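Here is the file start.txt (compact mmCIF, C-alpha atoms).
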# COMPACT_ATOMS: atom_id res chain seq x y z
CA ARG A 1 -25.82 -25.47 71.62
CA GLU A 2 -27.33 -23.46 74.49
CA LEU A 3 -30.02 -26.06 75.14
CA PHE A 4 -29.53 -26.20 78.89
CA ASN A 5 -29.28 -23.39 81.39
CA GLY A 6 -28.04 -23.80 84.91
CA VAL A 7 -30.28 -23.80 87.91
CA GLY A 8 -28.82 -20.59 89.36
CA ASP A 9 -25.67 -19.45 91.13
CA ASN A 10 -23.46 -20.76 88.29
CA THR A 11 -24.47 -24.37 88.95
CA PHE A 12 -25.67 -27.02 86.51
CA SER A 13 -26.72 -29.60 89.15
CA PRO A 14 -26.06 -32.66 87.00
CA ASN A 15 -27.35 -35.10 89.61
CA SER A 16 -30.59 -33.23 90.25
CA ASN A 17 -33.80 -34.49 88.75
CA MET A 18 -34.80 -33.10 85.38
CA THR A 19 -38.33 -31.77 85.65
CA ARG A 20 -40.92 -32.05 82.92
CA ALA A 21 -40.76 -28.26 82.43
CA MET A 22 -36.97 -28.33 82.10
CA PHE A 23 -37.05 -31.15 79.57
CA VAL A 24 -39.75 -29.71 77.35
CA THR A 25 -37.84 -26.40 77.39
CA VAL A 26 -34.62 -28.10 76.26
CA LEU A 27 -36.52 -29.88 73.48
CA TYR A 28 -38.12 -26.57 72.44
CA ARG A 29 -34.68 -24.93 72.27
CA PHE A 30 -33.37 -27.90 70.27
CA ALA A 31 -36.16 -27.22 67.78
CA GLY A 32 -34.98 -23.59 67.47
CA SER A 33 -37.54 -22.02 69.84
CA PRO A 34 -40.18 -21.67 67.12
CA ALA A 35 -43.09 -19.28 67.43
CA VAL A 36 -46.28 -20.74 68.87
CA GLU A 37 -49.78 -19.79 67.79
CA SER A 38 -51.11 -19.51 71.33
CA LEU A 39 -49.63 -19.93 74.78
CA GLU A 40 -52.95 -21.25 76.05
CA THR A 41 -53.25 -24.98 76.70
CA ALA A 42 -55.74 -27.18 78.52
CA PHE A 43 -53.21 -27.58 81.33
CA THR A 44 -54.39 -25.71 84.40
CA ASP A 45 -51.03 -26.10 86.14
CA VAL A 46 -48.97 -24.34 83.44
CA ASP A 47 -48.09 -20.71 84.08
CA THR A 48 -47.61 -19.28 80.59
CA ALA A 49 -45.49 -16.44 81.99
CA ARG A 50 -42.86 -18.88 83.33
CA TYR A 51 -39.76 -19.88 81.37
CA TYR A 52 -41.46 -23.07 80.17
CA GLY A 53 -44.80 -21.56 79.04
CA ALA A 54 -44.01 -21.26 75.31
CA ALA A 55 -42.24 -24.62 75.34
CA VAL A 56 -45.28 -26.45 76.73
CA ALA A 57 -47.60 -24.71 74.26
CA TRP A 58 -45.27 -25.65 71.38
CA ALA A 59 -44.99 -29.26 72.58
CA VAL A 60 -48.77 -29.56 72.66
CA GLU A 61 -49.08 -28.02 69.16
CA GLN A 62 -46.51 -30.47 67.80
CA GLY A 63 -48.00 -33.52 69.52
CA VAL A 64 -44.85 -33.99 71.62
CA THR A 65 -46.72 -34.16 74.92
CA ASN A 66 -50.17 -35.05 76.17
CA GLY A 67 -49.40 -34.10 79.75
CA VAL A 68 -49.98 -36.43 82.68
CA SER A 69 -53.74 -35.96 82.24
CA GLN A 70 -55.99 -33.88 80.04
CA THR A 71 -55.70 -30.91 82.39
CA GLN A 72 -52.32 -31.42 84.09
CA PHE A 73 -48.82 -31.14 82.68
CA ALA A 74 -47.03 -31.44 86.06
CA PRO A 75 -44.22 -29.02 85.11
CA HIS A 76 -42.32 -29.36 88.39
CA GLN A 77 -42.55 -33.15 88.60
CA ALA A 78 -39.38 -35.12 87.89
CA ILE A 79 -39.55 -36.57 84.39
CA SER A 80 -39.22 -40.32 84.15
CA ARG A 81 -36.87 -41.88 81.64
CA GLN A 82 -39.79 -43.32 79.69
CA GLU A 83 -41.57 -39.95 79.58
CA LEU A 84 -38.36 -38.29 78.40
CA VAL A 85 -37.73 -40.68 75.51
CA THR A 86 -41.43 -40.65 74.59
CA MET A 87 -41.32 -36.87 74.13
CA LEU A 88 -38.11 -37.19 72.14
CA TYR A 89 -39.62 -39.99 70.02
CA ARG A 90 -42.72 -37.91 69.28
CA TYR A 91 -40.53 -34.95 68.38
CA ALA A 92 -38.47 -37.10 66.01
CA LYS A 93 -41.65 -38.44 64.43
CA ALA A 94 -43.17 -34.95 64.11
CA THR A 95 -40.05 -33.72 62.32
CA GLY A 96 -40.16 -36.53 59.78
CA GLN A 97 -37.41 -38.72 61.17
CA ASP A 98 -37.64 -42.47 60.73
CA VAL A 99 -38.68 -43.90 64.09
CA THR A 100 -39.54 -47.38 62.85
CA GLY A 101 -36.37 -49.01 64.21
CA GLN A 102 -37.18 -50.99 67.33
CA ALA A 103 -34.84 -52.89 69.64
CA ASP A 104 -35.84 -56.09 71.37
CA LEU A 105 -36.40 -54.94 74.95
CA SER A 106 -36.51 -58.48 76.31
CA GLN A 107 -32.72 -58.30 76.78
CA PHE A 108 -33.34 -55.98 79.74
CA VAL A 109 -34.37 -57.54 83.06
CA ASP A 110 -36.69 -54.61 83.76
CA ALA A 111 -38.38 -54.51 80.33
CA GLY A 112 -41.70 -55.47 81.92
CA LYS A 113 -41.74 -52.16 83.80
CA VAL A 114 -42.04 -50.09 80.61
CA ALA A 115 -45.56 -48.68 80.31
CA GLY A 116 -47.49 -49.75 77.23
CA TRP A 117 -47.71 -46.17 75.96
CA ALA A 118 -43.90 -45.86 76.10
CA GLU A 119 -42.82 -49.21 74.61
CA ALA A 120 -42.32 -48.02 71.02
CA ALA A 121 -40.42 -44.94 72.16
CA VAL A 122 -38.13 -46.86 74.52
CA ALA A 123 -37.49 -49.55 71.88
CA TRP A 124 -36.65 -46.82 69.35
CA ALA A 125 -34.31 -45.03 71.78
CA VAL A 126 -32.48 -48.27 72.58
CA LYS A 127 -32.19 -49.15 68.88
CA GLU A 128 -30.75 -45.69 68.11
CA GLU A 129 -28.36 -46.02 71.07
CA ILE A 130 -29.54 -42.82 72.69
CA TYR A 131 -30.89 -44.49 75.81
CA PRO A 132 -28.01 -44.80 78.32
CA GLY A 133 -27.36 -47.68 80.65
CA SER A 134 -27.64 -51.42 80.83
CA TYR A 135 -30.96 -51.19 82.65
CA LEU A 136 -34.02 -49.41 81.30
CA LEU A 137 -35.20 -48.01 84.64
CA PRO A 138 -38.21 -46.64 82.74
CA ARG A 139 -40.08 -45.25 85.73
CA GLY A 140 -36.98 -43.84 87.39
CA SER A 141 -36.40 -40.12 87.34
CA ALA A 142 -33.95 -38.82 84.77
CA THR A 143 -31.21 -36.57 86.07
CA ARG A 144 -30.09 -33.42 84.28
CA ALA A 145 -26.85 -35.20 83.34
CA GLN A 146 -28.75 -38.17 81.85
CA ALA A 147 -30.94 -35.81 79.84
CA ALA A 148 -27.84 -34.04 78.53
CA VAL A 149 -26.32 -37.38 77.49
CA ILE A 150 -29.52 -38.37 75.70
CA PHE A 151 -29.56 -35.08 73.81
CA CYS A 152 -25.90 -35.46 72.83
CA ARG A 153 -26.58 -38.93 71.50
CA TYR A 154 -29.78 -37.84 69.76
CA GLY A 155 -27.98 -34.93 68.10
CA GLN A 156 -25.62 -37.45 66.47
CA LEU A 157 -28.46 -39.10 64.50
Reformat the file's structure so that it appears as structure tokens.
Amino acid sequence: RELFNGVGDNTFSPNSNMTRAMFVTVLYRFAGSPAVESLETAFTDVDTARYYGAAVAWAVEQGVTNGVSQTQFAPHQAISRQELVTMLYRYAKATGQDVTGQADLSQFVDAGKVAGWAEAAVAWAVKEEIYPGSYLLPRGSATRAQAAVIFCRYGQL
């Protein structure tokens, strides 16, 4: 579906970390790369001329991301698994999908490591079977391969 591009030199780098800029760009492409009203955001670390500029602006417009602070998006930072599913959850909610299904996270030994702001999103992703693995690893970095798997599973909903 042309959601992902390689990282150069005909390589996909499946085991490399997915950055926040990469992920929001894939989500933006999944949405059909819609027009954005303005490329300007409150994020001082977002270069609107870079490949991810329109994607970040769109994600802010849609309520998909709040950034890591009011003024920082951290585009080159590895995205954590809980950040990734939270953006996907907010996208699903913004597009009118039912996100009320929630799994019981207590079955996971590392459930206590899920941040409060990500609990609903992680529980939704587990319930919908789009969150891979038998551990949540919520604060662990998502690889490009893991992000691709999550998108494949999400696309089946």
Neighbour list for Ala142 in chain A as an MDAnalysis selection string, cut-off 7 Å, only C-alpha atoms, skip fewer than 2 positions in-chain | chainID A and resid 17:18 79:81 140 144 146:147
Which residue of A:Thr11, A:Thr71, A:Gln102, A:Ser141 approaches Val126 in chain A most closely, using only C-alpha atoms |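 Residue with the minimum atom-to-atom distance to Val126 in chain A: A:Gln102.
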Counting all atoms listed in the file, find the residues whose atoms lie at most 12 Å from (-35.2, -30.7, 81.0) (file coordinates) and write them out as an MDAnalysis selection string.
-> chainID A and resid 3:7 12:14 16:30 51:52 55:56 75:81 83:85 87:88 141:151
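Residues with at least one atom no more than 8 Å from (-51.7, -28.2, 82.6), using all atoms listed in the file, are Thr41, Ala42, Phe43, Thr44, Asp45, Val46, Gly67, Gln70, Thr71, Gln72, Phe73, Ala74 and Pro75 of chain A.
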Can you work out which one of A:Leu39, A:Ser106, A:Thr86, A:Ala115 has the shortest atom-to-atom distance to Tyr131 in chain A, counting only C-alpha atoms?
->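 Among the listed residues, A:Thr86 lies closest to Tyr131 in chain A.
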Separation of CA of Asn15 in chain A from CA of Arg153 in chain A, in Å and rounded to one decimal = 18.5 Å
Which of A:Tyr89, A:Tyr135, A:Trp58, A:Tyr154 sits closest to Phe108 in chain A [using all atoms listed in the file] = A:Tyr135
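Closest to Leu137 in chain A among A:Gln156, A:Thr100, A:Gln82, A:Thr65 is A:Gln82, based on only C-alpha atoms.
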Work out how far CA of Val109 in chain A is from CA of Pro132 in chain A, in Å to one decimal.
->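 Interatomic distance here is 15.0 Å.
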